[in-house]
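A quick write-up on the structure given underneath.
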Amino acid sequence: MRPEAIVFDMDGTLTDTEEKWDVVRRGLAAEAGLPWPEGSTQAMMGMSTQEWARHLSEVVGLPYGPDEAARRTIEGMAAEYRKGVDLLPGAVEAVRRMAERYPIAIASSSPRLLIETGVEVLGLGDVISVTVSTEEVERGKPAPDGYLKACELLGVDPTRSVAVEDAPNGIKSALAAGMAVVAVPPHFHPPSQDLLDQTTVLDTLDELTHELVEGLLG
């Protein structure tokens with residue numbers, strides 16, 4: 001069955017920035033003389049800005065509130081973007097290949113500024129018709145809100161659409177939205193096998209083909 005749309009995550013799926021988020025956040029903790037709590041890296045992957053900023057303040061224990069934690073983190077990430085964004089293998093080609101047949105959206109946990117910067121760096125503004133930041137919906141990943149909003153804006157049925165993800169919270173979000181999920185797991189904190197078993201797993205986006213996504217919906 002032909003998918004009604006393909007919705008991509010961005011960080012860790014198209015752009016290789018998940019580790020940079022971790023470096024920036026750990027740097028803030030180190031500046032404050034704080035140890036990094038076990039599990040915080042994985043917990044924040046896919047969270048909205050409000051959620052991970054609160055985590056930094058309340059769980060990591062940064063000596064300032066969530067608003068300041070968000071500001072410092074986003075400024076740090078913007079500085080990393082200005083140095084250049086690494087792309088995942090086959091990312092640009094995969095998006096353009098999917099755009100030949102299907103509407104394309106991005107549903108990302110990044111702030112809108114970083115999503116728009118990422119799309120510009122990727123040179124994909126001509127084929128990505130919808131972008132959603134989970135800052136703009138009630139709940140971040142792993143809740144389905146971001147994917148549901150992207151599908152709503154595209155005017156498509158999420159249960160007849162495909163999500164492309166990398167991180168555990170993102171995969172859970174897309175599954176909760178009723179979407180078929182293609183996972184390209186990172187070597188950096190990969191999802192559990194139980195979660196990957198609910199997806200179609202690829203080594204790289206070079207394997208994301210029309211034939212593959214059209215076979216996912218039966």
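Labels used: A, B, ... for chains in the order of the structure tokens, numbers from 1 for residues in each chain, and numbers from 1 for ligands as shown.
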
Please provide as a ChimeraX atom specification all residues within 8 Å of A:Ala163, with the sequence filter that same-chain residues fewer than 5 positions apart are discarded (counting only C-alpha atoms). /A:6-9,174,179-182

Chain A: which residues are alpha helix (DSSP H) by DSSP, as a count of residues only? 92

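For the residues A:Ala70, A:Ala5, A:Leu217, A:Ala79, ranking by smallest atom-to-atom distance to A:Ser48 using only C-alpha atoms places A:Ala70 first.
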
Please determine, counting only C-alpha atoms, which residue among A:Gly61, A:Pro190, A:Gly218, A:Gly123 has the shortest atom-to-atom distance to A:Ser161. A:Gly218

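For the set A:Arg82, A:Arg72, A:Arg25, A:Lys141, the residue with the smallest atom-to-atom gap to A:His55 is A:Arg25, counting only C-alpha atoms.
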
Residues near A:Ala32, cut-off 12 Å, only C-alpha atoms, skip fewer than 6 positions along chain, as a ChimeraX atom specification: /A:25-26,56-57,60-64,69

Contacts of A:Pro168 at 7 Å (only C-alpha atoms; same-chain gap of 3+ positions) as a count of residues only: 3

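If you measure from each of A:Val59, A:Leu208, A:Met10, A:Leu216 to A:Ile128 using only C-alpha atoms, the closest one turns out to be A:Met10.
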
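Checking A:Leu34, A:Leu14, A:Ala29, A:Met45 one by one against A:Val119, counting only C-alpha atoms, you find the shortest gap at A:Leu14.
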
Counting only C-alpha atoms, the residue of A:Asp206, A:Asp194, A:Glu135, A:Glu214 that sits nearest A:Arg112: A:Glu135

Using only C-alpha atoms, which protein or nucleic acid residues come within 7 Å of A:Pro111? Drop anything in the same chain fewer than 2 positions from it, and give the result as a PDB file with N, CA, C and O atoms, in the first residue's frame.
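Written output follows (selection.pdb):
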```pdb
ATOM      1  N   THR A  49      11.545  20.759  24.677  1.00  0.00           N
ATOM      2  CA  THR A  49      12.451  21.684  25.359  1.00  0.00           C
ATOM      3  C   THR A  49      12.039  21.885  26.817  1.00  0.00           C
ATOM      4  O   THR A  49      12.879  21.841  27.722  1.00  0.00           O
ATOM      5  N   SER A 109      11.970  16.996  18.219  1.00  0.00           N
ATOM      6  CA  SER A 109      11.955  17.571  19.566  1.00  0.00           C
ATOM      7  C   SER A 109      12.774  18.851  19.655  1.00  0.00           C
ATOM      8  O   SER A 109      12.759  19.505  20.699  1.00  0.00           O
ATOM      9  N   LEU A 113      13.819  27.001  15.885  1.00  0.00           N
ATOM     10  CA  LEU A 113      15.013  27.638  15.331  1.00  0.00           C
ATOM     11  C   LEU A 113      15.996  26.604  14.814  1.00  0.00           C
ATOM     12  O   LEU A 113      16.541  26.736  13.703  1.00  0.00           O
ATOM     13  N   LEU A 114      16.215  25.541  15.587  1.00  0.00           N
ATOM     14  CA  LEU A 114      17.178  24.528  15.168  1.00  0.00           C
ATOM     15  C   LEU A 114      16.616  23.640  14.058  1.00  0.00           C
ATOM     16  O   LEU A 114      17.369  23.176  13.204  1.00  0.00           O
ATOM     17  N   ILE A 115      15.299  23.404  14.052  1.00  0.00           N
ATOM     18  CA  ILE A 115      14.703  22.645  12.945  1.00  0.00           C
ATOM     19  C   ILE A 115      14.875  23.406  11.636  1.00  0.00           C
ATOM     20  O   ILE A 115      15.317  22.854  10.626  1.00  0.00           O
ATOM     21  N   SER A 133       7.724  21.156  15.740  1.00  0.00           N
ATOM     22  CA  SER A 133       8.538  21.030  16.950  1.00  0.00           C
ATOM     23  C   SER A 133       7.620  20.577  18.075  1.00  0.00           C
ATOM     24  O   SER A 133       6.499  21.083  18.208  1.00  0.00           O
ATOM     25  N   GLU A 135       7.777  21.426  20.886  1.00  0.00           N
ATOM     26  CA  GLU A 135       7.483  22.603  21.705  1.00  0.00           C
ATOM     27  C   GLU A 135       6.088  23.157  21.386  1.00  0.00           C
ATOM     28  O   GLU A 135       5.493  23.855  22.198  1.00  0.00           O
TER      29      GLU A 135
END
```

Within 10 Å of A:Glu207 using only C-alpha atoms, minus same-chain residues under 6 positions, as a PyMOL selection string: chain A and resi 90+94+184+201

Hey, what's within 12 Å of A:Cys151 if we count only C-alpha atoms and toss same-chain stuff fewer than 6 positions away? As a CSV table (one decimal) with N, CA and C atoms, in the first residue's frame, please?
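Everything below was put into result.csv:
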```csv
chain,number,residue,atom,x,y,z
A,3,PRO,N,2.1,4.7,1.1
A,3,PRO,CA,1.9,5.5,2.2
A,3,PRO,C,1.3,6.9,1.9
A,4,GLU,N,0.5,7.5,2.8
A,4,GLU,CA,0.0,8.8,2.5
A,4,GLU,C,1.1,9.9,2.8
A,5,ALA,N,2.1,9.6,3.6
A,5,ALA,CA,3.1,10.5,3.9
A,5,ALA,C,4.3,9.8,4.6
A,6,ILE,N,5.4,10.4,4.6
A,6,ILE,CA,6.6,10.0,5.3
A,6,ILE,C,7.0,11.1,6.2
A,7,VAL,N,7.1,10.8,7.5
A,7,VAL,CA,7.5,11.8,8.5
A,7,VAL,C,8.8,11.4,9.2
A,8,PHE,N,9.8,12.3,9.0
A,8,PHE,CA,11.1,12.1,9.5
A,8,PHE,C,11.3,12.8,10.9
A,103,PRO,N,4.2,13.1,0.3
A,103,PRO,CA,4.4,14.3,1.1
A,103,PRO,C,5.4,14.0,2.2
A,104,ILE,N,6.2,15.0,2.6
A,104,ILE,CA,7.2,14.8,3.6
A,104,ILE,C,7.1,15.8,4.7
A,105,ALA,N,7.3,15.4,5.9
A,105,ALA,CA,7.3,16.3,7.1
A,105,ALA,C,8.4,15.9,8.0
A,106,ILE,N,8.7,16.8,8.9
A,106,ILE,CA,9.6,16.6,10.0
A,106,ILE,C,8.9,16.8,11.3
A,107,ALA,N,9.0,15.8,12.2
A,107,ALA,CA,8.5,15.9,13.6
A,107,ALA,C,9.7,15.8,14.6
A,129,SER,N,7.3,19.9,3.4
A,129,SER,CA,6.2,20.9,3.4
A,129,SER,C,5.7,21.2,4.8
A,130,VAL,N,6.0,20.4,5.8
A,130,VAL,CA,5.6,20.6,7.1
A,130,VAL,C,6.7,20.3,8.1
A,131,THR,N,6.9,21.2,9.1
A,131,THR,CA,7.8,20.8,10.2
A,131,THR,C,7.1,21.1,11.5
A,132,VAL,N,7.2,20.2,12.5
A,132,VAL,CA,6.6,20.3,13.8
A,132,VAL,C,7.7,20.2,14.8
A,144,PRO,N,2.5,10.7,21.4
A,144,PRO,CA,2.3,10.8,20.0
A,144,PRO,C,2.1,12.2,19.4
A,145,ASP,N,2.0,13.2,20.2
A,145,ASP,CA,1.4,14.5,19.8
A,145,ASP,C,2.2,15.1,18.6
A,157,ASP,N,-3.7,10.4,7.2
A,157,ASP,CA,-4.1,9.4,8.2
A,157,ASP,C,-2.8,8.9,8.8
A,158,PRO,N,-2.5,9.1,10.1
A,158,PRO,CA,-1.2,8.5,10.6
A,158,PRO,C,-1.1,7.0,10.5
A,159,THR,N,-2.2,6.3,10.5
A,159,THR,CA,-2.2,4.8,10.4
A,159,THR,C,-1.9,4.4,9.0
A,160,ARG,N,-1.9,5.3,8.1
A,160,ARG,CA,-1.5,5.0,6.7
A,160,ARG,C,-0.2,5.7,6.3
A,161,SER,N,0.6,6.1,7.3
A,161,SER,CA,1.8,6.9,7.1
A,161,SER,C,3.0,6.2,7.8
A,162,VAL,N,4.2,6.6,7.4
A,162,VAL,CA,5.4,6.0,7.9
A,162,VAL,C,6.3,7.0,8.6
A,163,ALA,N,6.8,6.7,9.8
A,163,ALA,CA,7.7,7.5,10.5
A,163,ALA,C,9.1,6.9,10.4
A,174,ALA,N,6.0,7.5,17.6
A,174,ALA,CA,5.4,7.2,16.3
A,174,ALA,C,4.5,5.9,16.4
A,177,ALA,N,1.3,6.9,17.8
A,177,ALA,CA,0.5,7.6,16.8
A,177,ALA,C,-0.2,6.6,15.8
A,178,GLY,N,0.2,5.4,15.9
A,178,GLY,CA,-0.4,4.4,15.0
A,178,GLY,C,0.3,4.2,13.7
A,179,MET,N,1.5,4.8,13.6
A,179,MET,CA,2.3,4.8,12.4
A,179,MET,C,3.2,3.5,12.2
```

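Take atom CA of A:Val92 and atom CA of A:Gly215: the distance between them is 22.0 Å.
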
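Here atom CA of A:Gly118 stands at a distance of 7.8 Å from atom CA of A:Val85.
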
Residues of stretch 80-198 of chain A in strand (DSSP E or B), written as a ChimeraX atom specification: /A:87,104-108,130-133,162-165,180-183

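Atom CA of A:Pro185 is positioned 6.8 Å from atom CA of A:Ala167.
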